[in-house]
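Participant: Just one file: run-v7.txt, with compact mmCIF, C-alpha atoms.
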# COMPACT_ATOMS: atom_id res chain seq x y z
CA MET A 24 -8.37 12.38 20.13
CA GLY A 25 -7.44 10.93 16.75
CA LEU A 26 -6.56 7.29 16.19
CA LEU A 27 -3.01 8.25 15.16
CA ASP A 28 -2.33 11.35 17.22
CA ASP A 29 1.34 12.41 16.90
CA LYS A 30 2.29 9.19 15.09
CA VAL A 31 4.82 9.55 12.28
CA VAL A 32 3.42 7.69 9.28
CA LEU A 33 5.21 7.02 5.99
CA VAL A 34 3.02 6.10 3.02
CA GLY A 35 5.04 4.60 0.19
CA GLY A 36 3.44 5.40 -3.16
CA GLY A 37 1.26 7.90 -1.37
CA SER A 38 0.88 10.68 -3.91
CA GLN A 39 -2.25 9.28 -5.58
CA GLY A 40 -4.86 6.51 -5.40
CA VAL A 41 -5.16 4.40 -2.28
CA GLY A 42 -1.91 5.80 -0.89
CA ALA A 43 -3.13 9.38 -1.08
CA ALA A 44 -6.41 8.35 0.55
CA VAL A 45 -4.45 6.72 3.38
CA ALA A 46 -2.37 9.87 3.79
CA ARG A 47 -5.53 11.98 4.07
CA ALA A 48 -7.14 9.61 6.57
CA ALA A 49 -3.99 9.36 8.69
CA SER A 50 -3.59 13.14 8.76
CA ARG A 51 -7.23 13.55 9.70
CA GLU A 52 -6.61 11.16 12.62
CA GLY A 53 -3.75 13.30 13.91
CA ALA A 54 -0.69 11.72 12.27
CA ILE A 55 2.39 13.45 10.93
CA VAL A 56 2.45 12.15 7.37
CA ALA A 57 5.22 11.60 4.84
CA VAL A 58 4.42 10.38 1.34
CA THR A 59 6.68 9.13 -1.42
CA GLY A 60 6.20 9.24 -5.16
CA ARG A 61 8.04 9.52 -8.45
CA ARG A 62 6.19 12.64 -9.60
CA THR A 63 6.77 15.86 -7.72
CA ALA A 64 3.62 17.78 -8.71
CA PRO A 65 0.96 15.45 -7.23
CA GLY A 66 3.08 14.78 -4.16
CA GLU A 67 3.56 18.43 -3.35
CA ALA A 68 -0.10 19.15 -4.11
CA LEU A 69 -1.13 16.54 -1.57
CA VAL A 70 1.20 17.98 1.07
CA THR A 71 -0.22 21.44 0.43
CA GLU A 72 -3.74 20.03 0.86
CA LEU A 73 -2.87 18.32 4.14
CA THR A 74 -1.06 21.29 5.64
CA ALA A 75 -3.84 23.66 4.60
CA ALA A 76 -6.18 21.46 6.64
CA GLY A 77 -3.95 21.89 9.69
CA GLY A 78 -1.83 18.76 9.36
CA LYS A 79 1.91 18.18 9.20
CA ALA A 80 3.20 16.52 6.04
CA MET A 81 6.20 16.13 3.75
CA PHE A 82 6.78 14.72 0.28
CA ILE A 83 9.81 12.61 -0.63
CA ARG A 84 10.52 12.11 -4.32
CA VAL A 85 11.87 8.59 -4.82
CA ASP A 86 11.73 5.74 -7.30
CA LEU A 87 10.85 2.76 -5.14
CA ALA A 88 12.15 0.40 -7.82
CA ASP A 89 15.57 1.37 -6.47
CA ALA A 90 16.01 -0.47 -3.17
CA GLU A 91 18.45 2.10 -1.81
CA GLN A 92 16.01 4.92 -2.53
CA ALA A 93 13.30 2.93 -0.73
CA ARG A 94 15.51 2.70 2.35
CA THR A 95 16.58 6.33 2.06
CA ALA A 96 12.95 7.47 2.16
CA VAL A 97 12.66 6.01 5.65
CA GLY A 98 15.94 7.65 6.61
CA ASP A 99 14.62 11.02 5.46
CA VAL A 100 11.53 10.62 7.66
CA VAL A 101 13.65 9.67 10.69
CA ALA A 102 16.04 12.56 10.05
CA THR A 103 13.14 15.03 9.85
CA TYR A 104 10.87 13.79 12.64
CA GLY A 105 13.21 11.70 14.79
CA ARG A 106 11.41 8.40 14.26
CA ILE A 107 8.97 6.39 12.21
CA ASP A 108 5.97 4.85 13.98
CA CYS A 109 3.91 3.49 11.09
CA LEU A 110 4.55 2.41 7.52
CA VAL A 111 2.12 1.76 4.68
CA ASN A 112 3.39 0.14 1.49
CA SER A 113 0.82 1.13 -1.12
CA ALA A 114 2.85 1.52 -4.31
CA GLY A 115 1.85 -0.97 -6.97
CA LEU A 116 2.59 -1.81 -10.60
CA THR A 117 -0.29 -3.45 -12.49
CA SER A 118 0.98 -3.58 -16.07
CA ARG A 119 -0.30 -6.68 -17.84
CA GLY A 120 1.50 -9.89 -18.73
CA THR A 121 0.60 -13.57 -19.02
CA LEU A 122 2.79 -16.57 -18.28
CA LEU A 123 3.55 -16.85 -22.00
CA ASP A 124 4.19 -13.24 -22.98
CA THR A 125 5.84 -11.77 -19.85
CA THR A 126 9.43 -10.76 -20.56
CA PRO A 127 12.19 -10.94 -17.94
CA GLU A 128 12.21 -7.13 -17.95
CA LEU A 129 8.50 -6.90 -17.13
CA PHE A 130 8.81 -9.58 -14.46
CA ASP A 131 11.71 -7.70 -12.84
CA GLN A 132 9.70 -4.46 -12.86
CA HIS A 133 6.90 -6.14 -10.92
CA ILE A 134 9.28 -7.68 -8.42
CA ALA A 135 11.03 -4.34 -7.94
CA ILE A 136 7.89 -2.34 -7.13
CA ASN A 137 5.50 -4.93 -5.71
CA LEU A 138 7.91 -6.97 -3.59
CA ARG A 139 11.45 -5.65 -3.31
CA ALA A 140 10.41 -2.08 -2.46
CA PRO A 141 8.18 -3.16 0.46
CA PHE A 142 10.92 -5.50 1.69
CA PHE A 143 13.58 -2.81 1.94
CA THR A 144 11.24 -0.09 3.15
CA MET A 145 10.11 -2.42 5.92
CA GLN A 146 13.72 -3.30 6.65
CA ALA A 147 14.65 0.33 7.23
CA ALA A 148 11.51 1.10 9.25
CA VAL A 149 11.91 -1.93 11.51
CA GLU A 150 15.60 -1.07 12.03
CA ASP A 151 14.55 2.30 13.47
CA MET A 152 11.81 0.79 15.66
CA VAL A 153 14.11 -1.91 17.03
CA ALA A 154 16.94 0.56 17.65
CA ARG A 155 14.59 2.72 19.72
CA LYS A 156 12.99 -0.33 21.38
CA ALA A 157 9.67 1.17 20.32
CA PRO A 158 6.54 -0.56 19.04
CA GLY A 159 5.28 0.16 15.54
CA THR A 160 2.77 -0.88 12.92
CA ILE A 161 3.02 -1.69 9.22
CA VAL A 162 0.30 -2.34 6.65
CA ASN A 163 1.05 -3.74 3.22
CA ILE A 164 -1.49 -3.10 0.48
CA ILE A 165 -1.66 -6.36 -1.45
CA THR A 166 -4.44 -7.69 -3.73
CA SER A 167 -7.15 -10.31 -3.78
CA SER A 168 -5.62 -11.42 -7.10
CA ALA A 169 -2.71 -12.85 -5.12
CA HIS A 170 -4.95 -15.88 -4.51
CA GLY A 171 -4.80 -16.66 -8.23
CA GLY A 172 -5.93 -13.74 -10.33
CA GLN A 173 -6.57 -13.36 -14.02
CA PRO A 174 -4.23 -14.91 -16.60
CA PHE A 175 -3.07 -11.45 -17.72
CA LEU A 176 -1.78 -10.62 -14.24
CA ALA A 177 0.91 -13.31 -14.01
CA PRO A 178 3.92 -11.20 -12.91
CA TYR A 179 1.73 -9.02 -10.68
CA VAL A 180 0.30 -12.06 -8.93
CA ALA A 181 3.73 -13.62 -8.50
CA ALA A 182 5.11 -10.51 -6.80
CA LYS A 183 2.06 -9.80 -4.64
CA ALA A 184 1.82 -13.44 -3.51
CA GLY A 185 5.40 -13.02 -2.36
CA LEU A 186 4.36 -9.95 -0.39
CA ILE A 187 1.79 -12.04 1.47
CA GLY A 188 4.54 -14.42 2.58
CA LEU A 189 6.83 -11.55 3.50
CA THR A 190 4.10 -9.89 5.58
CA ARG A 191 3.57 -13.02 7.66
CA ASN A 192 7.28 -13.80 7.96
CA ALA A 193 8.17 -10.29 9.15
CA ALA A 194 5.23 -10.21 11.56
CA HIS A 195 6.38 -13.47 13.12
CA ALA A 196 10.01 -12.36 13.28
CA HIS A 197 9.23 -9.10 15.08
CA ARG A 198 6.26 -9.96 17.26
CA TRP A 199 8.40 -9.79 20.41
CA ASP A 200 9.52 -6.31 19.35
CA ARG A 201 5.81 -5.39 19.45
CA ILE A 202 5.90 -4.43 15.81
CA ARG A 203 2.60 -5.43 14.25
CA ILE A 204 2.61 -6.14 10.51
CA ASN A 205 -0.55 -6.88 8.55
CA GLY A 206 -1.69 -6.95 4.93
CA LEU A 207 -4.84 -6.00 3.06
CA ASN A 208 -5.90 -7.90 -0.05
CA ILE A 209 -7.95 -5.25 -1.82
CA GLY A 210 -10.23 -5.99 -4.76
CA TRP A 211 -11.06 -3.93 -7.84
CA THR A 212 -10.70 -0.30 -6.77
CA ALA A 213 -11.59 3.03 -8.38
CA THR A 214 -8.25 4.83 -8.57
CA GLU A 215 -6.47 7.06 -11.07
CA GLY A 216 -4.07 4.23 -11.77
CA GLU A 217 -6.87 1.79 -12.49
CA ASP A 218 -8.46 4.28 -14.85
CA ALA A 219 -5.22 4.48 -16.82
CA THR A 220 -4.85 0.69 -16.78
CA GLN A 221 -8.37 0.09 -18.10
CA LYS A 222 -7.92 2.59 -20.91
CA THR A 223 -4.39 1.51 -21.82
CA PHE A 224 -4.72 -2.26 -21.68
CA HIS A 225 -8.46 -2.89 -22.17
CA GLY A 226 -9.61 -0.08 -24.44
CA ALA A 227 -12.13 1.14 -21.86
CA GLY A 228 -14.15 4.31 -22.36
CA ASP A 229 -14.78 7.06 -19.84
CA ASP A 230 -17.84 5.21 -18.53
CA TRP A 231 -15.99 2.01 -17.58
CA ARG A 232 -16.53 2.61 -13.85
CA GLU A 233 -20.31 2.73 -14.25
CA GLU A 234 -20.31 -0.37 -16.45
CA ALA A 235 -18.12 -2.25 -13.98
CA ALA A 236 -20.18 -1.16 -10.96
CA ALA A 237 -23.37 -2.50 -12.52
CA LYS A 238 -21.82 -5.98 -12.56
CA LEU A 239 -20.57 -5.96 -8.96
CA PRO A 240 -22.53 -7.19 -5.89
CA MET A 241 -22.37 -3.89 -4.00
CA GLY A 242 -23.00 -1.79 -7.11
CA LYS A 243 -19.67 -0.01 -6.92
CA LEU A 244 -15.95 -0.60 -7.09
CA GLY A 245 -13.85 -0.48 -3.95
CA GLN A 246 -13.46 3.11 -2.77
CA PRO A 247 -10.02 4.42 -1.73
CA ASP A 248 -11.39 6.40 1.22
CA GLU A 249 -13.11 3.31 2.63
CA ILE A 250 -9.92 1.28 2.29
CA ALA A 251 -7.98 4.11 3.90
CA ASP A 252 -10.19 4.10 6.99
CA PHE A 253 -9.52 0.38 7.42
CA VAL A 254 -5.77 0.87 6.99
CA VAL A 255 -5.76 3.59 9.65
CA PHE A 256 -7.60 1.23 11.99
CA LEU A 257 -4.93 -1.43 11.44
CA LEU A 258 -2.18 1.12 12.07
CA SER A 259 -3.80 2.28 15.30
CA ASP A 260 -3.94 0.78 18.77
CA ARG A 261 -7.65 0.12 18.21
CA SER A 262 -6.73 -2.97 16.18
CA GLY A 263 -5.31 -4.45 19.35
CA VAL A 264 -2.83 -7.31 19.16
CA VAL A 265 -3.54 -8.44 15.60
CA THR A 266 -0.41 -9.15 13.58
CA GLY A 267 0.49 -11.41 10.67
CA SER A 268 -3.04 -11.19 9.30
CA VAL A 269 -3.69 -10.78 5.58
CA ILE A 270 -7.28 -9.64 5.30
CA ASP A 271 -9.40 -10.02 2.18
CA TRP A 272 -11.09 -6.65 1.56
CA ASP A 273 -13.34 -7.42 -1.37
CA GLN A 274 -16.98 -8.01 -2.35
CA ASN A 275 -16.29 -11.32 -4.10
CA VAL A 276 -16.24 -14.26 -1.70
CA LEU A 277 -13.24 -16.49 -2.20
CA GLY A 278 -14.33 -20.07 -2.76
CA GLY A 279 -17.93 -19.07 -3.37
CA LEU A 280 -19.45 -20.55 -6.53
CA ASP A 281 -22.72 -19.97 -8.39
Mind converting the file's structure to structure tokens?
Facilitator:
Amino acid sequence: MGLLDDKVVLVGGGSQGVGAAVARAASREGAIVAVTGRRTAPGEALVTELTAAGGKAMFIRVDLADAEQARTAVGDVVATYGRIDCLVNSAGLTSRGTLLDTTPELFDQHIAINLRAPFFTMQAAVEDMVARKAPGTIVNIITSSAHGGQPFLAPYVAAKAGLIGLTRNAAHAHRWDRIRINGLNIGWTATEGEDATQKTFHGAGDDWREEAAAKLPMGKLGQPDEIADFVVFLLSDRSGVVTGSVIDWDQNVLGGLD
């Protein structure tokens, strides 16, 4: 028996990085998986991988910056499988900006992807769960930087801190519907997107992961597959009654000082 046997799981931003790792872990645990993304090739490649391993999966091409497309993605899942049981919001924009150099356009991009998209995807998913009077689970992938973060992450931090508040508010609002909603504040993670960010914004070389790992307590960056296992646990009944929790998943201890 898998942790998510026959559950219909939608992973927003699931075609690469942490989202793709969650999709793989959920499928391995018996879920029917739908993933969204802006690029067709990696999304379809992931679906092919999951179905070749015996799973059921679909790819939905959407731009989550468009709130209506975010809602429509949920509608497509419900139309195909009859319901949605679990939602993971893993899409994230990490382009750099400080308080002083962030433009309104950049700020709006961060709000659109990192806050508005989860809001309206959750809205559509919870509508289906409530209409069916069925329980459900949602996990929002947030960031440990939401506690403050680096100066060059100002718009990112603003949006993700908002997602923390939204996670708790929605969990409280729908606790009597037995819809559990939790968040995961992940730290520095080895993903394709982070590789592009390091090279684009920080001039990093191909060995940046090794250099970074040598300076971290556990000797490695956060690993998508390890995060994915924890997300699946939160989606599953094995996480019990927990809701409204925003868990720090990082190797740096908040408040700890040397």
Participant: Which one of A:Leu69, A:Leu87, A:Ala169, A:Leu123 sits closest to Arg139 in chain A if you count all atoms listed in the file?
Facilitator: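 Smallest distance to Arg139 in chain A is found for A:Leu87.
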Participant: For Ser38 in chain A, which residue out of A:Gly210, A:Pro65, A:Gly25, A:Pro158 is the nearest one, using all atoms listed in the file?
Facilitator: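 Checking each candidate against Ser38 in chain A, we get A:Pro65 as the closest.
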Participant: Find the distance between CA of Ile83 in chain A and CA of Leu33 in chain A and write it in Å to one decimal.
Facilitator: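 CA of Leu33 in chain A lies at a distance of 9.8 Å from CA of Ile83 in chain A.
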Participant: What does the distance between CA of Arg261 in chain A and CA of Gln146 in chain A come to in Å, to one decimal place?
Facilitator: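 One can read the CA of Arg261 in chain A to CA of Gln146 in chain A distance as 24.5 Å.
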Participant: Using all atoms listed in the file, which of A:Gly172, A:Gly105, A:Gly115, A:Gly278 sits nearest Asp151 in chain A?
Facilitator: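 Looking at the shortest contact to Asp151 in chain A, the residue is A:Gly105.
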Participant: Can you pull out every residue within 6 Å of Gly78 in chain A, counting only C-alpha atoms, but drop anything in the same chain fewer than 3 positions away, and send it as a PDB file with C-alpha atoms, keeping the file's coordinate frame?
Facilitator:
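So the final result, stored in out.pdb, reads:
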ATOM      1  CA  SER A  50      -3.590  13.140   8.760  1.00  0.00           C
ATOM      2  CA  LEU A  73      -2.870  18.320   4.140  1.00  0.00           C
ATOM      3  CA  THR A  74      -1.060  21.290   5.640  1.00  0.00           C
TER       4      THR A  74
END
Participant: Find the residues near Leu26 in chain A: any atom within 10 Å, counting only C-alpha atoms, skip ones fewer than 4 places away on the same chain, and give them as an NGL selection string.
Facilitator: :A and (30 or 48-54 or 255-256 or 258-261)
Participant: Of the residues A:Leu138, A:Ala154, A:Val32, A:Ala193, which is the one nearest to Val100 in chain A, using all atoms listed in the file?
Facilitator: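 Under the stated criterion, the closest residue is A:Val32.
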Participant: So which residues are close to (7.6, -9.8, 16.6), meaning at most 12 Å away in the file's coordinates with all atoms listed in the file counted, and can you show them as a list in words?
Facilitator: Val149, Met152, Val153, Lys156, Ala157, Pro158, Gly159, Thr160, Ile161, Thr190, Arg191, Asn192, Ala193, Ala194, His195, Ala196, His197, Arg198, Trp199, Asp200, Arg201, Ile202, Arg203, Ile204, Asn205, Val264, Val265, Thr266 and Gly267 of chain A
Participant: Please indicate the distance in Å from CA of Ala93 in chain A to CA of Ala181 in chain A, rounded to one decimal place.
Facilitator: 20.6 Å
Participant: Where atoms are missing, can you supply all heavy atoms for range 181-192 of chain A and output the lot as a JSON list (two decimals), in the frame of the given file?
Facilitator:
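Output file rebuild.json is given in full below:
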[["chain", "number", "residue", "atom", "x", "y", "z"],
["A", 181, "ALA", "N", 2.53, -13.00, -9.06],
["A", 181, "ALA", "CA", 3.73, -13.62, -8.50],
["A", 181, "ALA", "C", 4.37, -12.73, -7.44],
["A", 181, "ALA", "O", 4.76, -13.20, -6.35],
["A", 181, "ALA", "CB", 4.73, -13.90, -9.63],
["A", 182, "ALA", "N", 4.48, -11.43, -7.74],
["A", 182, "ALA", "CA", 5.11, -10.51, -6.80],
["A", 182, "ALA", "C", 4.25, -10.28, -5.56],
["A", 182, "ALA", "O", 4.75, -10.28, -4.43],
["A", 182, "ALA", "CB", 5.41, -9.18, -7.50],
["A", 183, "LYS", "N", 2.94, -10.09, -5.77],
["A", 183, "LYS", "CA", 2.06, -9.80, -4.64],
["A", 183, "LYS", "C", 1.87, -11.03, -3.75],
["A", 183, "LYS", "O", 1.71, -10.89, -2.52],
["A", 183, "LYS", "CB", 0.71, -9.29, -5.15],
["A", 183, "LYS", "CG", 0.76, -7.88, -5.72],
["A", 183, "LYS", "CD", 1.02, -6.84, -4.64],
["A", 183, "LYS", "CE", 0.75, -5.43, -5.15],
["A", 183, "LYS", "NZ", 0.90, -4.41, -4.08],
["A", 184, "ALA", "N", 1.87, -12.23, -4.33],
["A", 184, "ALA", "CA", 1.82, -13.44, -3.51],
["A", 184, "ALA", "C", 3.06, -13.52, -2.63],
["A", 184, "ALA", "O", 3.00, -13.95, -1.47],
["A", 184, "ALA", "CB", 1.69, -14.68, -4.39],
["A", 185, "GLY", "N", 4.19, -13.09, -3.17],
["A", 185, "GLY", "CA", 5.40, -13.02, -2.36],
["A", 185, "GLY", "C", 5.27, -12.05, -1.22],
["A", 185, "GLY", "O", 5.78, -12.29, -0.11],
["A", 186, "LEU", "N", 4.56, -10.94, -1.44],
["A", 186, "LEU", "CA", 4.36, -9.95, -0.39],
["A", 186, "LEU", "C", 3.50, -10.50, 0.74],
["A", 186, "LEU", "O", 3.68, -10.13, 1.91],
["A", 186, "LEU", "CB", 3.75, -8.68, -0.98],
["A", 186, "LEU", "CG", 3.57, -7.49, -0.04],
["A", 186, "LEU", "CD1", 4.87, -7.13, 0.66],
["A", 186, "LEU", "CD2", 3.02, -6.28, -0.81],
["A", 187, "ILE", "N", 2.57, -11.39, 0.41],
["A", 187, "ILE", "CA", 1.79, -12.04, 1.47],
["A", 187, "ILE", "C", 2.72, -12.84, 2.38],
["A", 187, "ILE", "O", 2.66, -12.75, 3.62],
["A", 187, "ILE", "CB", 0.71, -12.95, 0.86],
["A", 187, "ILE", "CG1", -0.41, -12.12, 0.25],
["A", 187, "ILE", "CG2", 0.15, -13.90, 1.93],
["A", 187, "ILE", "CD1", -1.51, -12.95, -0.40],
["A", 188, "GLY", "N", 3.60, -13.64, 1.77],
["A", 188, "GLY", "CA", 4.54, -14.42, 2.58],
["A", 188, "GLY", "C", 5.46, -13.54, 3.39],
["A", 188, "GLY", "O", 5.75, -13.83, 4.57],
["A", 189, "LEU", "N", 5.94, -12.47, 2.79],
["A", 189, "LEU", "CA", 6.83, -11.55, 3.50],
["A", 189, "LEU", "C", 6.12, -10.91, 4.69],
["A", 189, "LEU", "O", 6.71, -10.77, 5.77],
["A", 189, "LEU", "CB", 7.31, -10.46, 2.53],
["A", 189, "LEU", "CG", 8.09, -9.29, 3.15],
["A", 189, "LEU", "CD1", 9.35, -9.78, 3.84],
["A", 189, "LEU", "CD2", 8.42, -8.25, 2.08],
["A", 190, "THR", "N", 4.87, -10.52, 4.49],
["A", 190, "THR", "CA", 4.10, -9.89, 5.58],
["A", 190, "THR", "C", 4.03, -10.82, 6.79],
["A", 190, "THR", "O", 4.28, -10.40, 7.93],
["A", 190, "THR", "CB", 2.68, -9.55, 5.08],
["A", 190, "THR", "OG1", 2.78, -8.61, 4.01],
["A", 190, "THR", "CG2", 1.83, -8.98, 6.19],
["A", 191, "ARG", "N", 3.70, -12.06, 6.55],
["A", 191, "ARG", "CA", 3.57, -13.02, 7.66],
["A", 191, "ARG", "C", 4.93, -13.34, 8.29],
["A", 191, "ARG", "O", 5.05, -13.46, 9.51],
["A", 191, "ARG", "CB", 2.89, -14.28, 7.15],
["A", 191, "ARG", "CG", 1.41, -14.05, 6.82],
["A", 191, "ARG", "CD", 0.77, -15.28, 6.24],
["A", 191, "ARG", "NE", -0.68, -15.07, 6.08],
["A", 191, "ARG", "CZ", -1.40, -15.57, 5.09],
["A", 191, "ARG", "NH1", -0.82, -16.32, 4.15],
["A", 191, "ARG", "NH2", -2.70, -15.34, 5.02],
["A", 192, "ASN", "N", 5.95, -13.48, 7.45],
["A", 192, "ASN", "CA", 7.28, -13.80, 7.96],
["A", 192, "ASN", "C", 7.80, -12.68, 8.85],
["A", 192, "ASN", "O", 8.31, -12.92, 9.96],
["A", 192, "ASN", "CB", 8.23, -14.04, 6.79],
["A", 192, "ASN", "CG", 9.65, -14.36, 7.26],
["A", 192, "ASN", "OD1", 10.46, -13.45, 7.45],
["A", 192, "ASN", "ND2", 9.94, -15.63, 7.44]]
